[in-house]
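This is structure24.txt. It holds compact mmCIF, C-alpha atoms (C1' of nucleotides).
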```txt
# COMPACT_ATOMS: atom_id res chain seq x y z
CA MET A 1 0.00 0.00 0.00
CA LYS A 2 1.21 3.46 -0.84
CA ARG A 3 2.14 5.74 1.99
CA ILE A 4 0.53 9.10 2.52
CA ILE A 5 2.72 11.73 4.14
CA PHE A 6 1.86 15.26 5.19
CA HIS A 7 4.46 18.00 5.42
CA ILE A 8 3.25 20.86 7.58
CA ASP A 9 5.14 24.13 7.39
CA VAL A 10 4.41 27.40 9.19
CA ASN A 11 4.10 30.34 6.78
CA ASN A 12 6.75 32.98 7.52
CA ALA A 13 7.16 31.40 10.93
CA PHE A 14 9.27 34.02 12.71
CA LEU A 15 7.34 36.92 11.24
CA SER A 16 3.94 35.35 11.98
CA TRP A 17 4.89 34.54 15.53
CA THR A 18 6.29 38.00 16.18
CA ALA A 19 3.10 39.45 14.67
CA LEU A 20 1.07 37.51 17.26
CA ASP A 21 3.37 38.63 20.04
CA LEU A 22 2.91 42.27 19.03
CA LEU A 23 -0.86 41.93 18.71
CA ASN A 24 -0.94 40.43 22.20
CA GLN A 25 0.95 43.47 23.43
CA GLY A 26 -1.68 45.73 21.97
CA TYR A 27 -0.22 46.52 18.57
CA GLN A 28 -2.88 48.13 16.40
CA TYR A 29 -1.95 46.37 13.19
CA ASP A 30 -0.76 43.02 11.96
CA ILE A 31 2.81 43.20 10.64
CA ARG A 32 2.02 40.27 8.37
CA GLU A 33 -0.01 42.75 6.31
CA SER A 34 2.74 45.38 6.07
CA TYR A 35 6.31 45.80 4.81
CA ALA A 36 8.09 43.99 7.59
CA ALA A 37 10.93 41.61 8.34
CA ILE A 38 12.54 39.86 11.30
CA GLY A 39 16.22 40.60 11.54
CA GLY A 40 19.19 40.86 13.82
CA ASP A 41 20.91 43.98 15.03
CA GLU A 42 22.95 45.85 12.45
CA LYS A 43 25.13 47.56 15.02
CA SER A 44 26.24 44.28 16.51
CA ARG A 45 26.88 43.04 12.96
CA ARG A 46 24.03 40.54 12.97
CA GLY A 47 21.97 42.45 10.47
CA ILE A 48 20.41 39.87 8.18
CA VAL A 49 16.82 39.10 7.21
CA LEU A 50 15.51 35.98 9.00
CA ALA A 51 11.93 36.20 7.73
CA LYS A 52 9.92 38.65 5.64
CA SER A 53 6.29 39.52 5.04
CA PRO A 54 4.64 38.80 1.66
CA LYS A 55 4.71 42.53 0.85
CA ALA A 56 8.43 42.76 1.59
CA LYS A 57 8.95 39.66 -0.53
CA LYS A 58 7.21 41.40 -3.43
CA CYS A 59 9.82 44.16 -3.23
CA GLY A 60 12.47 41.51 -3.75
CA VAL A 61 13.60 41.10 -0.14
CA VAL A 62 15.10 37.66 0.41
CA THR A 63 15.99 35.70 3.53
CA GLY A 64 19.66 36.00 4.44
CA GLU A 65 20.36 39.37 2.88
CA THR A 66 21.56 42.30 4.91
CA LEU A 67 19.03 44.62 6.46
CA TYR A 68 20.79 47.42 4.63
CA SER A 69 20.18 45.79 1.28
CA ALA A 70 16.57 45.00 2.22
CA ARG A 71 16.03 48.66 3.07
CA MET A 72 17.41 49.69 -0.31
CA LYS A 73 14.89 47.49 -2.07
CA CYS A 74 12.02 48.39 0.21
CA PRO A 75 12.38 51.78 1.95
CA ALA A 76 9.09 51.36 3.81
CA ILE A 77 10.23 48.17 5.50
CA ARG A 78 10.27 47.87 9.28
CA PHE A 79 12.49 45.45 11.15
CA TYR A 80 11.65 43.54 14.31
CA PRO A 81 14.06 41.51 16.47
CA PRO A 82 13.65 37.74 16.83
CA ASN A 83 12.33 36.24 20.07
CA TYR A 84 13.40 32.62 20.13
CA GLN A 85 11.74 31.71 23.41
CA TRP A 86 8.40 32.84 22.09
CA TYR A 87 9.01 30.98 18.84
CA GLN A 88 9.74 27.81 20.77
CA LYS A 89 6.44 28.15 22.60
CA ASN A 90 4.49 28.46 19.37
CA SER A 91 6.39 25.56 17.87
CA LYS A 92 5.52 23.34 20.82
CA ALA A 93 1.87 24.35 20.67
CA LEU A 94 1.72 23.39 17.00
CA PHE A 95 3.24 19.95 17.46
CA GLN A 96 1.05 19.33 20.47
CA LEU A 97 -2.07 20.14 18.47
CA LEU A 98 -0.99 17.79 15.69
CA SER A 99 -0.14 14.94 18.04
CA LYS A 100 -3.82 14.80 19.03
CA TYR A 101 -4.38 13.25 15.61
CA SER A 102 -1.35 11.05 15.19
CA PRO A 103 1.62 9.92 17.25
CA ASP A 104 3.62 9.56 14.05
CA ILE A 105 5.02 13.05 13.78
CA GLU A 106 8.60 13.85 12.88
CA VAL A 107 9.73 17.29 13.95
CA ALA A 108 12.00 18.53 11.16
CA SER A 109 12.74 22.00 12.51
CA ILE A 110 11.22 24.68 14.71
CA ASP A 111 8.47 25.36 12.14
CA GLU A 112 7.91 22.18 10.17
CA CYS A 113 7.10 18.51 10.61
CA TYR A 114 6.05 15.36 8.80
CA LEU A 115 2.96 13.37 9.69
CA ASP A 116 2.40 9.79 8.56
CA TYR A 117 -1.22 10.10 7.46
CA GLY A 118 -1.47 6.65 5.92
CA LYS A 119 -1.46 5.12 9.39
CA VAL A 120 -4.49 7.11 10.57
CA GLN A 121 -6.39 7.54 7.34
CA ASN A 122 -9.06 5.02 8.30
CA LEU A 123 -9.89 7.28 11.25
CA TYR A 124 -10.07 10.58 9.43
CA GLY A 125 -10.83 9.84 5.79
CA ASP A 126 -9.86 11.84 2.74
CA PRO A 127 -6.38 13.40 3.14
CA TYR A 128 -7.20 16.69 1.46
CA GLU A 129 -10.33 17.26 3.53
CA PHE A 130 -8.45 16.41 6.70
CA ALA A 131 -5.61 18.76 5.79
CA LYS A 132 -8.17 21.54 5.37
CA LYS A 133 -9.60 20.77 8.77
CA ILE A 134 -6.31 20.90 10.68
CA GLN A 135 -5.16 23.93 8.73
CA LYS A 136 -8.25 25.78 9.90
CA GLU A 137 -7.95 24.47 13.44
CA ILE A 138 -4.36 25.74 13.64
CA LEU A 139 -5.41 29.18 12.44
CA ASP A 140 -8.43 29.33 14.78
CA THR A 141 -6.70 28.15 17.92
CA LEU A 142 -3.08 29.26 17.44
CA GLY A 143 -3.52 32.26 15.16
CA PHE A 144 -1.08 31.49 12.37
CA THR A 145 -1.31 29.81 8.98
CA VAL A 146 0.47 26.75 7.68
CA ASN A 147 1.04 25.17 4.30
CA ILE A 148 0.43 21.45 3.93
CA GLY A 149 1.99 19.21 1.32
CA ILE A 150 0.46 15.78 0.72
CA ALA A 151 2.36 13.04 -1.11
CA ASN A 152 3.50 9.42 -1.12
CA SER A 153 6.92 10.27 0.29
CA LYS A 154 8.49 12.74 2.69
CA LEU A 155 10.47 14.36 -0.09
CA CYS A 156 7.43 15.01 -2.28
CA ALA A 157 5.37 16.21 0.67
CA LYS A 158 8.12 18.69 1.45
CA MET A 159 8.34 19.83 -2.17
CA ALA A 160 4.56 20.18 -2.33
CA SER A 161 4.25 22.33 0.78
CA ASP A 162 6.60 24.79 -0.89
CA PHE A 163 4.62 25.23 -4.13
CA SER A 164 2.68 28.40 -3.36
CA LYS A 165 1.98 30.19 -0.11
CA PRO A 166 0.47 31.09 2.29
CA TYR A 167 -2.36 28.99 3.73
CA LYS A 168 -2.31 26.51 0.86
CA ILE A 169 -2.60 22.76 0.49
CA HIS A 170 -0.89 21.00 -2.38
CA THR A 171 -0.72 17.37 -3.37
CA LEU A 172 2.22 15.79 -5.14
CA TYR A 173 1.25 12.15 -5.47
CA ASN A 174 3.50 9.87 -7.48
CA HIS A 175 1.33 10.22 -10.59
CA GLU A 176 1.63 14.02 -10.39
CA ILE A 177 5.42 14.23 -10.22
CA GLN A 178 5.96 14.66 -13.96
CA LYS A 179 3.37 17.37 -14.27
CA LYS A 180 4.00 19.32 -11.06
CA MET A 181 7.64 18.77 -10.15
CA TYR A 182 9.59 18.07 -13.34
CA PRO A 183 9.21 21.57 -14.84
CA LEU A 184 10.66 23.29 -11.75
CA PRO A 185 14.17 24.76 -11.84
CA ILE A 186 16.81 22.46 -10.40
CA ASP A 187 17.51 24.98 -7.63
CA ASP A 188 14.08 24.19 -6.17
CA LEU A 189 14.94 20.57 -5.46
CA PHE A 190 15.49 19.80 -1.79
CA GLY A 191 19.18 19.08 -1.17
CA VAL A 192 20.38 21.10 -4.15
CA GLY A 193 22.07 24.18 -2.77
CA LYS A 194 24.03 26.95 -4.37
CA GLN A 195 27.20 24.98 -5.10
CA THR A 196 25.46 21.94 -6.56
CA SER A 197 23.07 24.00 -8.64
CA GLN A 198 25.93 25.97 -10.18
CA LYS A 199 27.69 22.76 -11.18
CA LEU A 200 24.47 21.30 -12.59
CA HIS A 201 23.73 24.38 -14.69
CA LYS A 202 27.22 24.20 -16.16
CA LEU A 203 26.50 20.61 -17.16
CA GLY A 204 23.34 21.72 -18.95
CA ILE A 205 20.97 20.49 -16.26
CA HIS A 206 18.49 23.24 -15.55
CA THR A 207 15.22 21.60 -14.50
CA ILE A 208 14.31 18.79 -12.15
CA SER A 209 13.26 16.83 -15.23
CA ASP A 210 16.76 17.25 -16.71
CA LEU A 211 18.26 15.76 -13.56
CA ALA A 212 15.68 12.96 -13.39
CA HIS A 213 16.70 11.89 -16.90
CA ALA A 214 20.44 12.51 -16.53
CA ASP A 215 23.06 9.82 -16.98
CA ALA A 216 24.24 8.69 -13.56
CA THR A 217 27.61 7.41 -14.78
CA TYR A 218 28.39 10.77 -16.31
CA LEU A 219 27.31 12.73 -13.23
CA TYR A 220 29.26 10.44 -10.93
CA ARG A 221 32.47 12.17 -11.99
CA TYR A 222 31.22 15.39 -10.49
CA PHE A 223 29.08 14.35 -7.56
CA LYS A 224 30.54 11.04 -6.45
CA ASN A 225 28.45 9.15 -3.94
CA SER A 226 25.68 11.70 -3.73
CA THR A 227 24.80 11.15 -7.40
CA THR A 228 22.30 8.32 -6.97
CA LYS A 229 20.37 10.00 -4.19
CA MET A 230 20.26 13.29 -6.08
CA ILE A 231 18.83 11.65 -9.21
CA GLU A 232 16.35 9.63 -7.18
CA TRP A 233 15.14 12.76 -5.45
CA ALA A 234 14.70 14.44 -8.83
CA GLN A 235 12.54 11.47 -9.79
CA GLY A 236 10.57 11.88 -6.58
CA ILE A 237 11.87 8.64 -5.11
CA ASP A 238 12.39 8.66 -1.34
CA ASP A 239 11.79 5.67 0.93
CA SER A 240 12.76 7.33 4.20
CA GLU A 241 10.35 6.83 7.07
CA VAL A 242 8.66 9.32 9.34
CA VAL A 243 10.68 8.99 12.54
CA SER A 244 8.69 10.17 15.52
CA GLU A 245 11.12 9.38 18.32
CA GLN A 246 13.26 12.30 19.26
CA VAL A 247 16.76 11.65 18.06
CA GLU A 248 19.54 12.48 20.43
CA ARG A 249 21.63 15.54 19.72
CA LYS A 250 24.96 14.66 18.22
CA GLY A 251 26.65 17.87 19.28
CA ILE A 252 26.26 21.17 21.08
CA SER A 253 27.67 24.42 19.82
CA GLN A 254 27.61 28.11 20.50
CA SER A 255 29.23 30.85 18.49
CA THR A 256 29.00 34.58 18.37
CA THR A 257 29.89 37.33 15.97
CA LEU A 258 32.14 39.74 17.81
CA PRO A 259 31.15 43.41 18.07
CA LYS A 260 34.27 44.16 16.03
CA ASP A 261 37.06 42.15 14.45
CA MET A 262 39.43 41.25 17.27
CA THR A 263 43.10 40.37 17.49
CA ARG A 264 43.79 40.65 21.19
CA THR A 265 43.42 37.63 23.40
CA ASP A 266 42.56 39.82 26.38
CA GLU A 267 39.46 40.84 24.43
CA ILE A 268 38.67 37.43 22.99
CA PHE A 269 39.27 35.22 26.04
CA PRO A 270 36.51 36.57 28.26
CA ILE A 271 34.08 35.79 25.47
CA LEU A 272 35.52 32.35 24.90
CA HIS A 273 35.27 31.78 28.62
CA ALA A 274 31.61 32.74 28.69
CA ILE A 275 30.92 30.43 25.73
CA SER A 276 32.73 27.60 27.55
CA GLU A 277 30.41 28.07 30.48
CA ASN A 278 27.32 28.10 28.30
CA VAL A 279 28.11 24.98 26.29
CA ALA A 280 29.19 23.16 29.45
CA ILE A 281 25.89 24.01 31.13
CA SER A 282 23.93 22.76 28.08
CA LEU A 283 25.95 19.59 28.18
CA ARG A 284 25.26 18.95 31.85
CA LYS A 285 21.58 19.68 31.37
CA LYS A 286 21.51 16.71 29.02
CA ASN A 287 23.59 14.64 31.41
CA LYS A 288 26.20 14.14 28.73
CA TYR A 289 29.96 14.18 28.42
CA ALA A 290 31.83 15.44 25.37
CA SER A 291 34.66 13.52 23.77
CA VAL A 292 35.58 16.14 21.19
CA ILE A 293 36.04 19.86 21.72
CA ALA A 294 36.40 22.19 18.75
CA VAL A 295 37.04 25.90 18.56
CA ILE A 296 35.39 27.64 15.62
CA PHE A 297 36.92 30.72 14.00
CA LYS A 298 35.73 33.05 11.28
CA ASP A 299 38.16 35.59 9.89
CA LYS A 300 37.40 39.03 8.51
CA PHE A 301 37.07 37.56 5.01
CA PHE A 302 34.31 35.27 6.31
CA LYS A 303 36.47 32.24 5.95
CA SER A 304 35.74 29.71 8.70
CA TYR A 305 38.11 27.20 10.16
CA THR A 306 38.17 24.94 13.17
CA HIS A 307 40.64 23.32 15.48
CA GLN A 308 39.60 20.31 17.49
CA ARG A 309 40.86 17.72 19.90
CA LYS A 310 39.65 14.28 20.85
CA LEU A 311 39.86 13.71 24.59
CA ASN A 312 41.02 10.54 26.26
CA ASN A 313 38.47 11.20 28.96
CA PRO A 314 35.13 12.78 28.01
CA THR A 315 34.28 15.77 30.17
CA CYS A 316 31.43 18.00 31.23
CA SER A 317 33.47 20.27 33.44
CA THR A 318 33.30 23.99 32.71
CA ASN A 319 36.86 24.40 33.88
CA GLU A 320 38.25 21.73 31.63
CA ILE A 321 36.28 22.82 28.60
CA TRP A 322 37.50 26.36 29.14
CA LYS A 323 41.10 25.24 29.64
CA ILE A 324 41.11 23.10 26.49
CA SER A 325 39.30 25.72 24.43
CA LYS A 326 41.94 28.24 25.35
CA GLU A 327 44.68 25.84 24.26
CA LEU A 328 42.86 25.03 21.04
CA PHE A 329 42.41 28.72 20.36
CA LEU A 330 46.11 29.42 20.74
CA GLU A 331 47.06 26.41 18.59
CA GLY A 332 44.54 27.06 15.88
CA TRP A 333 44.33 30.82 15.60
CA LYS A 334 46.04 32.17 12.50
CA GLN A 335 46.95 35.40 14.33
CA GLU A 336 44.61 37.35 12.09
CA PRO A 337 41.58 39.43 13.06
CA ILE A 338 38.67 37.28 14.16
CA ARG A 339 35.07 38.07 13.29
CA LEU A 340 33.41 35.15 15.05
CA ILE A 341 34.42 32.75 17.77
CA GLY A 342 32.67 29.61 18.97
CA ILE A 343 32.92 26.21 20.60
CA ARG A 344 31.42 22.92 19.50
CA LEU A 345 31.16 19.79 21.64
CA ASP A 346 30.91 16.50 19.77
CA GLN A 347 30.71 12.74 20.34
CA LEU A 348 28.52 13.07 23.37
CA THR A 349 28.41 10.07 25.67
CA ASP A 350 26.46 9.06 28.75
CA HIS A 351 29.08 7.50 30.95
CA VAL A 352 32.69 8.13 31.54
CA THR A 353 35.22 5.49 32.23
CA TYR A 354 38.29 7.33 33.35
CA GLN A 355 41.50 6.45 31.71
CA THR A 356 43.87 7.68 34.33
CA SER A 357 47.04 9.10 33.02
CA LEU A 358 50.17 10.03 34.86
CA PHE A 359 49.60 13.64 34.06
CA GLU A 360 46.00 14.03 35.07
CA ASP A 361 44.61 14.22 38.50
CA PHE A 362 41.56 12.04 38.62
CA GLU A 363 40.24 13.33 41.95
CA ASP A 364 40.57 16.97 40.94
CA LYS A 365 38.51 16.33 37.86
CA LYS A 366 35.70 14.62 39.68
CA GLU A 367 35.60 17.47 42.15
CA ASP A 368 35.40 19.97 39.32
CA GLU A 369 32.42 18.21 37.81
CA THR A 370 30.61 17.79 41.11
CA LEU A 371 31.06 21.48 41.83
CA ASP A 372 29.68 22.33 38.39
CA PHE A 373 26.51 20.38 39.05
CA VAL A 374 26.05 22.13 42.38
CA VAL A 375 26.51 25.54 40.76
CA ASP A 376 24.02 24.63 38.04
CA GLU A 377 21.50 23.72 40.68
CA ILE A 378 21.92 26.95 42.60
CA LYS A 379 21.52 28.95 39.42
CA GLN A 380 18.41 26.96 38.60
CA LYS A 381 16.92 27.79 41.99
CA PHE A 382 18.03 31.34 42.63
CA GLY A 383 18.86 32.69 39.21
CA ASP A 384 22.09 33.26 37.32
CA GLN A 385 23.09 36.22 39.43
CA ALA A 386 23.31 34.12 42.58
CA ILE A 387 26.67 32.70 41.77
CA GLY A 388 29.27 33.22 39.13
CA LYS A 389 32.84 33.09 38.09
CA ALA A 390 34.83 35.86 39.71
CA SER A 391 36.83 36.38 36.54
CA LEU A 392 33.71 37.36 34.65
CA LYS A 393 32.17 39.54 37.29
CA ASP A 394 33.29 42.87 35.98
CA ASN A 395 33.31 42.09 32.35
CA LYS A 396 30.84 43.95 30.22
CA MET A 397 30.93 41.18 27.65
CA LYS A 398 29.36 38.78 30.06
CA ARG A 399 25.96 40.40 29.87
CA LYS A 400 25.62 39.38 26.27
CA PHE A 401 25.57 35.74 27.14
CA GLU A 402 23.01 35.72 29.84
C1' DT B 1 25.77 50.30 7.57
C1' DC B 2 27.77 44.55 4.15
C1' DT B 3 27.08 39.29 5.12
C1' DG B 4 23.39 34.91 12.10
C1' DG B 5 23.45 30.82 14.54
C1' DG B 6 22.51 26.00 15.31
C1' DG B 7 22.58 21.83 13.40
C1' DT B 8 23.65 17.24 10.17
C1' DC B 9 26.09 14.53 6.90
C1' DC B 10 29.88 13.55 3.76
C1' DT B 11 34.70 13.41 2.07
C1' DA B 12 39.67 13.49 1.95
C1' DG B 13 44.09 12.75 3.76
C1' DG B 14 47.31 11.13 7.23
C1' DA B 15 48.55 7.95 11.01
C1' DC B 16 48.55 3.58 12.58
C1' DC B 17 47.76 -1.38 12.88
C1' DC B 18 47.84 -6.06 11.15
C1' DT C 1 64.93 -4.13 0.08
C1' DC C 2 61.00 -2.41 -7.11
C1' DT C 3 58.01 -0.32 -1.95
C1' DG C 4 50.73 -4.22 -0.41
C1' DG C 5 46.44 -3.16 1.11
C1' DG C 6 42.40 -3.07 4.08
C1' DG C 7 40.33 -1.17 8.19
C1' DT C 8 39.81 2.33 11.58
C1' DC C 9 40.57 6.57 13.91
C1' DC C 10 41.43 11.38 13.81
C1' DT C 11 41.38 16.13 11.89
C1' DA C 12 39.77 19.54 8.75
C1' DG C 13 36.79 21.37 5.53
C1' DG C 14 32.65 21.72 2.65
C1' DA C 15 27.71 21.49 1.47
C1' DC C 16 23.24 21.79 2.94
C1' DC C 17 19.08 22.83 5.86
C1' DC C 18 16.04 26.10 8.62
```

Output the structure of this file as C-alpha cells.
Amino acid sequence: MKRIIFHIDVNNAFLSWTALDLLNQGYQYDIRESYAAIGGDEKSRRGIVLAKSPKAKKCGVVTGETLYSARMKCPAIRFYPPNYQWYQKNSKALFQLLSKYSPDIEVASIDECYLDYGKVQNLYGDPYEFAKKIQKEILDTLGFTVNIGIANSKLCAKMASDFSKPYKIHTLYNHEIQKKMYPLPIDDLFGVGKQTSQKLHKLGIHTISDLAHADATYLYRYFKNSTTKMIEWAQGIDDSEVVSEQVERKGISQSTTLPKDMTRTDEIFPILHAISENVAISLRKKNKYASVIAVIFKDKFFKSYTHQRKLNNPTCSTNEIWKISKELFLEGWKQEPIRLIGIRLDQLTDHVTYQTSLFEDFEDKKEDETLDFVVDEIKQKFGDQAIGKASLKDNKMKRKFE
DNA sequence: TCTGGGGTCCTAGGACCC
DNA sequence: TCTGGGGTCCTAGGACCC
C-alpha cells in the first residue's frame, strides 16, 4: 500500500509569531499585512533578514540578505528583532495540536514537521479534507497559517508544501510528479544548494526533469556518492520513514559574531570563557559528556576554520572545557583578526570510564564536575546572578551571554 | 551600515595497525 | 629491500538545511 505523508510548514514562521506577540501586546496592526521583516541587530553586525512579510517579498527582499540591502529594495520596511523563546512556545503548541491526531510526527525543525497520514487515514478519511480541517484548526486556535503538502513520500510532501503560499494545500502524489515537479528549476529541489546547482547548470541540467533523466555514470564524476540519491530525489523517489522518536543531539555548539574584528586575546578570552560556560551548562543539562572539543573561527574575510581535539576522557566540566578551548584557540588561531568565535562539543556520551594518566589528577577532575553540578542547581533555583565566576564579574561582555 | 546561529552529513588525507 | 592493502581513527573542511 502506498504511503501518505503530510508535510506541515508554518508560513513565515518568525514573522507570523512576532506578529502575534505584538498583537498580544496591543499593537494596532498586523505586521504580516505590512512591509516587515525579522532581523538581527545591524550595530552588533548581525543584520540579516531571517523572515519577511509577503509585501516585503514582493519588493524583492530575500531571507539571508543584509538589512541594509533590504532597506534599499524596500524603503518602507520595518524590522523587528527575533524572540526565540516565544518561537519555541508556538512551535511546541503546533506539534502538540498535531499529536492529538497522530503519534507519528517527525519534527523537522522549529516550524515544520512530517505526519504519517497513511497510518491514521481510516480514522479521518480523505487526506485533502483532513488537511483543510487541521489547517483551519491551527489558524483558529493558534492564530497562524500553515502550508500542507500531501504526497506518497516525505520528499514530495516537502516539495509540495513549498509550491505556493500562504495557507495553501498541495498534493504531489506519485502520478503528479511529472506534471507538477519536473518543470521546476533544479535549484528548487530539496538538497540542491548553491554549489550543486551551479555545477548542474554548467553541465546543462536546468530543471528537475533534466536531472531525473540525466546519466548517472556521467554525473558520478562530479558528484561522487551523492549522485544516486540526487537523481532519485529528482525522480521523486524517497523511501525514508517518518521517525517520531526524538533523536539524540549529536553535538552542542555556540558561536558569536564579535562586536568588532578582534586580534587581542585579552578581548577574545573573556568571550571564549563565557561560551565555555554556556556549552558546558547545556551539556550537563543533558547529562552528557563530550569527547571532542572544537574551537570555531571566522576571519574578517568570512572564511571559517576549526581546530579540534579528541579527549582521552570525556568531560562535562566547565573548567576543563575552558582550559582546552583556550589551548585550542592558541594552537589554531592564525593570528589574524577574528570576526566570530565559537565552541562545539561532539561525540557526546552518557558515561565516563576514566583512563587515568600520569599527568591528570583524577580526583581533581571529579571534584570539578561535582562542583559544576552544584553551581548549576543553585543557578536553577536562585537565578544566574546568585553565583558566578569571579573572573567574569566585571566584564561587560558577560551580559551578552546571559 | 555589508554578510546569524545551530545543526547534520559527507569526504579526503594522514597515522597507525595487522 | 622495485616499496601491499584493508580497516579504523582522527582532523579539517565543505555542502546543505532552517

Identify all chain C residues at most 9 Å from chain A by counting all atoms listed in the file; ligands do not count. Present them as a JSON list (two decimals) with C-alpha atoms (C1' of nucleotides), keeping the file's coordinate frame.
```
[["chain", "number", "residue", "atom", "x", "y", "z"],
["C", 10, "DC", "C1'", 41.43, 11.38, 13.81],
["C", 11, "DT", "C1'", 41.38, 16.13, 11.89],
["C", 12, "DA", "C1'", 39.77, 19.54, 8.75],
["C", 13, "DG", "C1'", 36.79, 21.37, 5.53],
["C", 15, "DA", "C1'", 27.71, 21.49, 1.47],
["C", 16, "DC", "C1'", 23.24, 21.79, 2.94],
["C", 17, "DC", "C1'", 19.08, 22.83, 5.86],
["C", 18, "DC", "C1'", 16.04, 26.10, 8.62]]
```

Inset, instruction - Report the distance between atom CA of A:Arg3 and atom CA of A:Thr227 in Å, rounded to one decimal place. - result: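 Atom CA of A:Thr227 lies at a distance of 25.1 Å from atom CA of A:Arg3.
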
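Reported to one decimal place, the separation of atom CA of A:Gly342 from atom CA of A:Leu258 is 10.2 Å.
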
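Here atom CA of A:Thr256 stands at a distance of 25.2 Å from atom CA of A:Phe373.
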
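Each of A:Phe144, A:Val295, A:Leu328, A:Asn287 was compared to A:His351 using all atoms listed in the file, and A:Asn287 turns out to be the nearest.
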
Inset, instruction - Go through A:Glu65, A:Glu320, A:Glu277, A:Asp239 and flag the residue nearest B:DT3, using all atoms listed in the file for the distances. - result: A:Glu65

Counting only C-alpha atoms (C1' of nucleotides), I want the residues whose atoms come within 12 Å of (4.1, 22.1, 19.6) in the file frame, returned as a PDB file with C-alpha atoms, in the frame of the given file.
```pdb
ATOM      1  CA  VAL A  10       4.410  27.400   9.190  1.00  0.00           C
ATOM      2  CA  TRP A  86       8.400  32.840  22.090  1.00  0.00           C
ATOM      3  CA  TYR A  87       9.010  30.980  18.840  1.00  0.00           C
ATOM      4  CA  GLN A  88       9.740  27.810  20.770  1.00  0.00           C
ATOM      5  CA  LYS A  89       6.440  28.150  22.600  1.00  0.00           C
ATOM      6  CA  ASN A  90       4.490  28.460  19.370  1.00  0.00           C
ATOM      7  CA  SER A  91       6.390  25.560  17.870  1.00  0.00           C
ATOM      8  CA  LYS A  92       5.520  23.340  20.820  1.00  0.00           C
ATOM      9  CA  ALA A  93       1.870  24.350  20.670  1.00  0.00           C
ATOM     10  CA  LEU A  94       1.720  23.390  17.000  1.00  0.00           C
ATOM     11  CA  PHE A  95       3.240  19.950  17.460  1.00  0.00           C
ATOM     12  CA  GLN A  96       1.050  19.330  20.470  1.00  0.00           C
ATOM     13  CA  LEU A  97      -2.070  20.140  18.470  1.00  0.00           C
ATOM     14  CA  LEU A  98      -0.990  17.790  15.690  1.00  0.00           C
ATOM     15  CA  SER A  99      -0.140  14.940  18.040  1.00  0.00           C
ATOM     16  CA  LYS A 100      -3.820  14.800  19.030  1.00  0.00           C
ATOM     17  CA  ILE A 105       5.020  13.050  13.780  1.00  0.00           C
ATOM     18  CA  GLU A 106       8.600  13.850  12.880  1.00  0.00           C
ATOM     19  CA  VAL A 107       9.730  17.290  13.950  1.00  0.00           C
ATOM     20  CA  SER A 109      12.740  22.000  12.510  1.00  0.00           C
ATOM     21  CA  ILE A 110      11.220  24.680  14.710  1.00  0.00           C
ATOM     22  CA  ASP A 111       8.470  25.360  12.140  1.00  0.00           C
ATOM     23  CA  GLU A 112       7.910  22.180  10.170  1.00  0.00           C
ATOM     24  CA  CYS A 113       7.100  18.510  10.610  1.00  0.00           C
ATOM     25  CA  ILE A 138      -4.360  25.740  13.640  1.00  0.00           C
ATOM     26  CA  LEU A 142      -3.080  29.260  17.440  1.00  0.00           C
TER      27      LEU A 142
END
```

Inset, instruction - In the coordinate frame of the file, compute which residues have an atom within 9 Å of (27.3, 15.1, 12.5) when using only C-alpha atoms (C1' of nucleotides), and state them as a PyMOL selection string. - result: (chain A and resi 250-251+346-347) or (chain B and resi 7-9)

Would you output that residue set with C-alpha atoms (C1' of nucleotides), as an mmCIF file, in the frame of the given file?
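As a result, selection30.cif now contains:
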```cif
data_model
loop_
_atom_site.group_PDB
_atom_site.id
_atom_site.type_symbol
_atom_site.label_atom_id
_atom_site.label_comp_id
_atom_site.auth_asym_id
_atom_site.auth_seq_id
_atom_site.Cartn_x
_atom_site.Cartn_y
_atom_site.Cartn_z
ATOM 1 C CA LYS A 250 24.960 14.660 18.220
ATOM 2 C CA GLY A 251 26.650 17.870 19.280
ATOM 3 C CA ASP A 346 30.910 16.500 19.770
ATOM 4 C CA GLN A 347 30.710 12.740 20.340
ATOM 5 C "C1'" DG B 7 22.580 21.830 13.400
ATOM 6 C "C1'" DT B 8 23.650 17.240 10.170
ATOM 7 C "C1'" DC B 9 26.090 14.530 6.900
#
```
